[in-house]
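The file query-v3.cif contains mmCIF, C-alpha atoms:
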data_upload
loop_
_atom_site.group_PDB
_atom_site.id
_atom_site.type_symbol
_atom_site.label_atom_id
_atom_site.label_comp_id
_atom_site.auth_asym_id
_atom_site.auth_seq_id
_atom_site.Cartn_x
_atom_site.Cartn_y
_atom_site.Cartn_z
ATOM 1 C CA MET F 143 80.618 76.486 108.513
ATOM 2 C CA ASN F 144 82.289 75.357 105.279
ATOM 3 C CA ASP F 145 84.812 72.787 106.550
ATOM 4 C CA VAL F 146 87.048 73.148 103.488
ATOM 5 C CA ILE F 147 87.327 76.912 103.936
ATOM 6 C CA ALA F 148 87.744 76.587 107.703
ATOM 7 C CA ARG F 149 90.620 74.155 107.284
ATOM 8 C CA LYS F 150 92.304 76.138 104.510
ATOM 9 C CA VAL F 151 92.171 79.413 106.446
ATOM 10 C CA ALA F 152 93.298 77.716 109.663
ATOM 11 C CA GLU F 153 96.292 76.224 107.869
ATOM 12 C CA SER F 154 97.229 79.644 106.504
ATOM 13 C CA LEU F 155 97.100 81.245 109.957
ATOM 14 C CA VAL F 156 98.969 78.447 111.714
ATOM 15 C CA ASP F 157 101.661 78.246 109.032
ATOM 16 C CA ILE F 158 102.550 81.950 109.363
ATOM 17 C CA ARG F 159 102.469 81.624 113.173
ATOM 18 C CA ALA F 160 99.527 83.986 113.508
ATOM 19 C CA VAL F 161 98.258 81.524 116.113
ATOM 20 C CA GLY F 162 100.303 81.060 119.258
ATOM 21 C CA PHE F 163 99.998 79.111 122.494
ATOM 22 C CA VAL F 164 101.243 80.741 125.675
ATOM 23 C CA LEU F 165 100.245 78.389 128.462
ATOM 24 C CA ASP F 166 103.183 79.487 130.632
ATOM 25 C CA LYS F 167 102.485 83.190 130.118
ATOM 26 C CA PRO F 168 98.751 83.680 129.407
ATOM 27 C CA ILE F 169 97.716 86.983 127.888
ATOM 28 C CA THR F 170 94.797 89.227 128.827
ATOM 29 C CA PHE F 171 92.249 90.253 126.223
ATOM 30 C CA LYS F 172 90.714 93.728 126.169
ATOM 31 C CA SER F 173 87.552 92.123 127.574
ATOM 32 C CA GLY F 174 89.470 90.950 130.645
ATOM 33 C CA ILE F 175 89.532 87.290 129.590
ATOM 34 C CA ILE F 176 92.851 85.610 130.406
ATOM 35 C CA SER F 177 93.870 83.323 127.560
ATOM 36 C CA PRO F 178 96.502 80.614 126.941
ATOM 37 C CA MET F 179 96.394 81.277 123.193
ATOM 38 C CA TYR F 180 96.423 84.279 120.874
ATOM 39 C CA ILE F 181 95.578 85.049 117.279
ATOM 40 C CA ASP F 182 97.463 87.805 115.451
ATOM 41 C CA ASN F 183 95.872 88.284 112.043
ATOM 42 C CA ARG F 184 97.849 91.501 111.587
ATOM 43 C CA LYS F 185 100.612 89.284 110.195
ATOM 44 C CA LEU F 186 98.636 88.352 107.098
ATOM 45 C CA PRO F 187 99.614 91.257 104.790
ATOM 46 C CA SER F 188 103.261 90.238 105.258
ATOM 47 C CA TYR F 189 102.435 86.845 103.725
ATOM 48 C CA PRO F 190 100.677 87.592 100.416
ATOM 49 C CA ASN F 191 100.011 83.957 99.474
ATOM 50 C CA GLU F 192 98.259 83.169 102.760
ATOM 51 C CA TRP F 193 96.526 86.548 102.785
ATOM 52 C CA ARG F 194 95.136 85.899 99.315
ATOM 53 C CA ILE F 195 93.738 82.574 100.564
ATOM 54 C CA VAL F 196 91.912 84.462 103.322
ATOM 55 C CA LEU F 197 90.582 87.153 100.985
ATOM 56 C CA ASP F 198 89.442 84.568 98.421
ATOM 57 C CA SER F 199 87.752 82.638 101.238
ATOM 58 C CA PHE F 200 85.837 85.763 102.232
ATOM 59 C CA ILE F 201 84.650 86.135 98.650
ATOM 60 C CA GLN F 202 83.646 82.472 98.415
ATOM 61 C CA LYS F 203 81.628 82.794 101.638
ATOM 62 C CA MET F 204 79.886 85.898 100.325
ATOM 63 C CA LYS F 205 78.916 84.037 97.147
ATOM 64 C CA GLU F 206 77.710 80.982 99.095
ATOM 65 C CA GLN F 207 75.459 83.142 101.229
ATOM 66 C CA ASN F 208 74.411 85.551 98.465
ATOM 67 C CA THR F 209 75.505 88.402 100.708
ATOM 68 C CA ASP F 210 74.098 91.673 99.424
ATOM 69 C CA PHE F 211 76.083 94.882 100.025
ATOM 70 C CA GLU F 212 77.166 98.097 98.339
ATOM 71 C CA VAL F 213 80.100 99.158 100.537
ATOM 72 C CA ILE F 214 82.726 97.265 102.547
ATOM 73 C CA ALA F 215 83.851 98.606 105.929
ATOM 74 C CA GLY F 216 86.751 97.685 108.206
ATOM 75 C CA ILE F 217 87.294 98.407 111.879
ATOM 76 C CA GLU F 218 90.367 100.470 112.781
ATOM 77 C CA THR F 219 93.015 99.146 112.626
ATOM 78 C CA ALA F 220 93.168 95.379 112.146
ATOM 79 C CA GLY F 221 90.117 95.157 109.903
ATOM 80 C CA ILE F 222 91.220 97.848 107.449
ATOM 81 C CA PRO F 223 93.730 95.850 105.320
ATOM 82 C CA HIS F 224 91.164 93.110 104.707
ATOM 83 C CA SER F 225 88.266 95.440 103.893
ATOM 84 C CA ALA F 226 90.485 97.506 101.591
ATOM 85 C CA GLY F 227 91.849 94.403 99.863
ATOM 86 C CA LEU F 228 88.352 93.036 99.345
ATOM 87 C CA GLY F 229 87.225 96.399 98.003
ATOM 88 C CA VAL F 230 89.862 96.202 95.266
ATOM 89 C CA LEU F 231 89.165 92.548 94.418
ATOM 90 C CA LEU F 232 85.392 93.058 94.307
ATOM 91 C CA ASN F 233 85.486 96.558 92.793
ATOM 92 C CA LYS F 234 83.454 97.867 95.730
ATOM 93 C CA PRO F 235 83.915 101.117 97.683
ATOM 94 C CA SER F 236 85.564 100.609 101.066
ATOM 95 C CA VAL F 237 85.497 102.742 104.203
ATOM 96 C CA PHE F 238 86.743 102.359 107.736
ATOM 97 C CA ILE F 239 85.382 103.015 111.201
ATOM 98 C CA ARG F 240 87.459 104.779 113.812
ATOM 99 C CA LYS F 241 87.681 103.492 117.375
ATOM 100 C CA GLU F 242 87.263 107.065 118.553
ATOM 101 C CA ALA F 243 86.897 110.433 116.873
ATOM 102 C CA LYS F 244 89.923 112.660 116.316
ATOM 103 C CA ASP F 245 89.977 115.874 118.334
ATOM 104 C CA HIS F 246 90.447 117.896 115.141
ATOM 105 C CA GLY F 247 89.225 117.988 111.552
ATOM 106 C CA THR F 248 85.752 116.712 110.709
ATOM 107 C CA LYS F 249 85.689 114.320 113.707
ATOM 108 C CA LYS F 250 83.987 111.679 111.595
ATOM 109 C CA MET F 251 83.767 108.131 112.888
ATOM 110 C CA VAL F 252 83.208 106.633 109.425
ATOM 111 C CA GLU F 253 85.988 107.664 107.051
ATOM 112 C CA GLY F 254 86.586 107.254 103.338
ATOM 113 C CA GLY F 255 83.186 107.777 101.766
ATOM 114 C CA GLU F 256 79.477 108.221 102.274
ATOM 115 C CA VAL F 257 77.436 105.298 103.601
ATOM 116 C CA ALA F 258 74.038 106.929 104.233
ATOM 117 C CA GLY F 259 71.266 104.792 102.776
ATOM 118 C CA LYS F 260 73.716 102.096 101.627
ATOM 119 C CA THR F 261 74.045 98.474 102.712
ATOM 120 C CA VAL F 262 77.458 98.018 104.306
ATOM 121 C CA LEU F 263 79.284 94.735 104.904
ATOM 122 C CA LEU F 264 81.484 94.915 107.997
ATOM 123 C CA ILE F 265 84.834 93.083 107.953
ATOM 124 C CA GLU F 266 86.747 92.167 111.119
ATOM 125 C CA ASP F 267 89.918 90.198 111.685
ATOM 126 C CA LEU F 268 88.829 88.624 114.987
ATOM 127 C CA VAL F 269 85.783 88.455 117.248
ATOM 128 C CA THR F 270 86.032 87.598 120.942
ATOM 129 C CA THR F 271 83.119 89.207 122.801
ATOM 130 C CA GLY F 272 82.013 91.264 119.786
ATOM 131 C CA GLY F 273 82.459 94.680 121.394
ATOM 132 C CA SER F 274 84.708 96.147 118.713
ATOM 133 C CA SER F 275 82.591 94.885 115.834
ATOM 134 C CA LEU F 276 79.337 96.071 117.324
ATOM 135 C CA HIS F 277 80.885 99.468 118.001
ATOM 136 C CA GLY F 278 81.445 99.571 114.241
ATOM 137 C CA VAL F 279 77.859 98.539 113.591
ATOM 138 C CA LYS F 280 76.629 101.303 115.899
ATOM 139 C CA GLU F 281 78.730 103.974 114.163
ATOM 140 C CA LEU F 282 77.665 102.819 110.709
ATOM 141 C CA LYS F 283 74.015 102.933 111.711
ATOM 142 C CA SER F 284 74.573 106.389 113.206
ATOM 143 C CA ALA F 285 75.822 107.394 109.757
ATOM 144 C CA GLN F 286 72.498 106.106 108.341
ATOM 145 C CA ALA F 287 73.969 102.925 106.834
ATOM 146 C CA VAL F 288 72.188 99.570 106.708
ATOM 147 C CA VAL F 289 74.236 96.777 108.340
ATOM 148 C CA LYS F 290 73.040 93.190 108.099
ATOM 149 C CA ASP F 291 76.272 91.169 108.023
ATOM 150 C CA CYS F 292 79.698 91.012 109.626
ATOM 151 C CA PHE F 293 82.381 88.724 108.199
ATOM 152 C CA VAL F 294 85.378 87.808 110.340
ATOM 153 C CA ILE F 295 88.483 85.677 109.821
ATOM 154 C CA VAL F 296 88.212 83.983 113.228
ATOM 155 C CA SER F 297 85.485 83.991 115.842
ATOM 156 C CA TYR F 298 86.061 82.491 119.264
ATOM 157 C CA GLY F 299 82.392 81.569 119.232
ATOM 158 C CA PHE F 300 81.744 82.652 122.816
ATOM 159 C CA PRO F 301 78.041 82.720 123.794
ATOM 160 C CA VAL F 302 78.349 86.384 124.797
ATOM 161 C CA SER F 303 79.319 87.366 121.248
ATOM 162 C CA LYS F 304 76.579 85.238 119.678
ATOM 163 C CA LYS F 305 73.993 86.943 121.872
ATOM 164 C CA ALA F 306 75.404 90.409 121.179
ATOM 165 C CA PHE F 307 75.210 89.958 117.406
ATOM 166 C CA ALA F 308 71.730 88.463 117.651
ATOM 167 C CA ASP F 309 70.579 91.416 119.774
ATOM 168 C CA ALA F 310 71.982 93.786 117.144
ATOM 169 C CA SER F 311 70.242 91.849 114.337
ATOM 170 C CA VAL F 312 73.562 91.344 112.543
ATOM 171 C CA LYS F 313 74.575 87.975 111.084
ATOM 172 C CA LEU F 314 78.138 86.974 112.026
ATOM 173 C CA THR F 315 80.019 84.764 109.561
ATOM 174 C CA ALA F 316 83.464 83.389 110.468
ATOM 175 C CA LEU F 317 85.910 81.764 108.063
ATOM 176 C CA THR F 318 87.348 79.473 110.731
ATOM 177 C CA ASP F 319 87.090 78.702 114.436
ATOM 178 C CA ILE F 320 89.123 77.694 117.477
ATOM 179 C CA ASP F 321 88.514 73.956 117.150
ATOM 180 C CA THR F 322 89.839 73.938 113.581
ATOM 181 C CA LEU F 323 92.856 76.042 114.548
ATOM 182 C CA MET F 324 93.706 73.596 117.334
ATOM 183 C CA GLU F 325 93.312 70.607 115.015
ATOM 184 C CA VAL F 326 95.660 72.146 112.452
ATOM 185 C CA ALA F 327 98.189 73.197 115.113
ATOM 186 C CA GLN F 328 98.198 69.657 116.485
ATOM 187 C CA SER F 329 98.693 68.192 113.005
ATOM 188 C CA ARG F 330 101.654 70.543 112.541
ATOM 189 C CA GLY F 331 103.214 69.385 115.818
ATOM 190 C CA LEU F 332 102.695 72.752 117.499
ATOM 191 C CA LEU F 333 100.211 71.512 120.084
ATOM 192 C CA ASN F 334 100.315 68.300 122.112
ATOM 193 C CA ASN F 335 97.402 66.458 123.714
ATOM 194 C CA LYS F 336 98.137 67.761 127.207
ATOM 195 C CA ASP F 337 98.204 71.410 126.124
ATOM 196 C CA LYS F 338 95.123 70.916 123.958
ATOM 197 C CA LYS F 339 93.225 69.752 127.037
ATOM 198 C CA VAL F 340 94.266 72.907 128.892
ATOM 199 C CA ILE F 341 93.126 75.136 126.033
ATOM 200 C CA THR F 342 89.857 73.224 125.723
ATOM 201 C CA ALA F 343 89.234 73.748 129.454
ATOM 202 C CA TRP F 344 89.871 77.472 128.966
ATOM 203 C CA TYR F 345 87.618 77.616 125.930
ATOM 204 C CA ASN F 346 84.753 75.996 127.816
ATOM 205 C CA ASP F 347 84.951 78.551 130.651
ATOM 206 C CA PRO F 348 87.088 81.525 129.534
ATOM 207 C CA TRP F 349 85.884 83.983 132.156
ATOM 208 C CA ASN F 350 86.862 81.806 135.098
ATOM 209 C CA TRP F 351 89.839 79.888 133.702
ATOM 210 C CA GLY F 352 92.434 82.497 134.647
ATOM 211 C CA LYS F 353 91.240 82.617 138.235
#

Encoded form (structure tokens):
Amino acid sequence: MNDVIARKVAESLVDIRAVGFVLDKPITFKSGIISPMYIDNRKLPSYPNEWRIVLDSFIQKMKEQNTDFEVIAGIETAGIPHSAGLGVLLNKPSVFIRKEAKDHGTKKMVEGGEVAGKTVLLIEDLVTTGGSSLHGVKELKSAQAVVKDCFVIVSYGFPVSKKAFADASVKLTALTDIDTLMEVAQSRGLLNNKDKKVITAWYNDPWNWGK
């Protein structure tokens, strides 16, 4: 991971309060994991300066890794602003993947353009277990697209997600991670040593921490 990018993106997220710590009232992820922290990247479009830092960081990562793609795709709904923004900045077509098909119309899962035979770069705002992202990969492949890479703003880095992406033969690239977010939050006075220890304990065993 590029430490400069990781720090810069983490600072952007912490400064707009997209990262929060809720040790007294832990939240439950869709996966069932109970967590003392949350990340809300949906806030980014309301802060254009910080959002531009994130989008530019995506582009820098793509250049560093020589990522090859013809179309950019975002997962409904949180991934769509970032994939659409990148599409404009890179002059690339962008599409989005529905979580579930509508019960009317064409009932397509991939909307916005044709992806058959094209290499598609998947964009996500956040990866916990990887279920949402890999649903997108599955739907893109069902539409005859080639998917080799998924870029995400933050990955929790859980072993279950690493295995899931490896099994799907998709490379996951994150701009920043939980350790960097905690470091920045602590430097901003938003996280003390005691609470950091609690969050670290959760991070090391997220499935059992809430029990």

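With distances restricted to only C-alpha atoms, F:Ser154 is the closest residue to F:Trp193 from F:Thr219, F:Ser154, F:Ser225, F:Asn208.
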
Using all atoms listed in the file, which of F:Glu212, F:Asp319, F:Glu281, F:Asp157 sits nearest F:Leu332?
F:Asp157

Using only C-alpha atoms, which protein or nucleic acid residues come within 9 Å of stretch 200-207 of chain F? Drop anything in the same chain fewer than 5 positions from it, and give the result as an mmCIF file with C-alpha atoms, keeping the file's coordinate frame.
data_model
loop_
_atom_site.group_PDB
_atom_site.id
_atom_site.type_symbol
_atom_site.label_atom_id
_atom_site.label_comp_id
_atom_site.auth_asym_id
_atom_site.auth_seq_id
_atom_site.Cartn_x
_atom_site.Cartn_y
_atom_site.Cartn_z
ATOM 1 C CA ASN F 144 82.289 75.357 105.279
ATOM 2 C CA ILE F 147 87.327 76.912 103.936
ATOM 3 C CA ILE F 195 93.738 82.574 100.564
ATOM 4 C CA LEU F 228 88.352 93.036 99.345
ATOM 5 C CA LEU F 231 89.165 92.548 94.418
ATOM 6 C CA LEU F 232 85.392 93.058 94.307
ATOM 7 C CA PHE F 293 82.381 88.724 108.199
ATOM 8 C CA VAL F 294 85.378 87.808 110.340
ATOM 9 C CA ILE F 295 88.483 85.677 109.821
ATOM 10 C CA THR F 315 80.019 84.764 109.561
ATOM 11 C CA ALA F 316 83.464 83.389 110.468
ATOM 12 C CA LEU F 317 85.910 81.764 108.063
#

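Atom CA of F:Ser284 is positioned 27.2 Å from atom CA of F:Tyr298.
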
Would you mind reading off the distance between atom CA of F:Ala258 and atom CA of F:Gly229, one decimal, in Å?
18.0 Å

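Between atom CA of F:Asp291 and atom CA of F:Gly278 lies a distance of 11.7 Å.
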
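Proximity to F:Val196 was assessed for F:Gly254, F:Gly299, F:Gly259, F:Gly227 counting only C-alpha atoms; the smallest distance is recorded for F:Gly227.
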
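If you measure from each of F:Lys313, F:Lys185, F:Lys283, F:Lys353 to F:Arg159 using only C-alpha atoms, the closest one turns out to be F:Lys185.
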
Once the PyMOL selection byres ((chain F and resi 321) around 12) has been applied to the shown file, what residues remain in the selection, as number ranges by chain?
F: 143, 145, 148-149, 152, 296-299, 318-320, 322-328, 338-339, 341-342, 345-346

Calculate, to one decimal in Å, the centre and edge lengths of the box along x, y and z of the file that holds all listed atoms of stretch 282-288 of chain F with 8 Å of margin on each side, and present them as lines of an AutoDock Vina configuration file.
center_x = 74.9
center_y = 103.5
center_z = 110.0
size_x = 21.5
size_y = 23.8
size_z = 22.5

Minimum-distance residue to F:Gln286, chosen among F:Val257, F:Ile175, F:Leu314, F:Val269 (using all atoms listed in the file)
F:Val257

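Across F:Ala285, F:Ala215, F:Met179, F:Leu264, the tightest approach to F:Phe163 is made by F:Met179 when counting all atoms listed in the file.
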
Quick check on the file I pasted: which residues fall under the PyMOL selection byres ((chain F and resi 187) around 12)? Write them as a ChimeraX atom specification.
/F:154-155,158,160,182-186,188-197,220-224,226-227,267

Contacts of F:Gly255 at 8 Å (all atoms listed in the file; same-chain gap of 3+ positions) as a PyMOL selection string
chain F and resi 235-237+252

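This file, queried with the PyMOL selection byres ((chain F and resi 352) around 10), gives the residues Pro168, Ile169, Thr170, Gly174, Ile175, Ile176, Ser177, Pro178, Trp344, Asp347, Pro348, Trp349, Asn350, Trp351 and Lys353 of chain F.
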
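The environment of F:Ile239 within 6 Å, counting all atoms listed in the file and disregarding residues fewer than 3 places along the same chain, consists of Ile217, Glu218, Met251 and Val252 of chain F.
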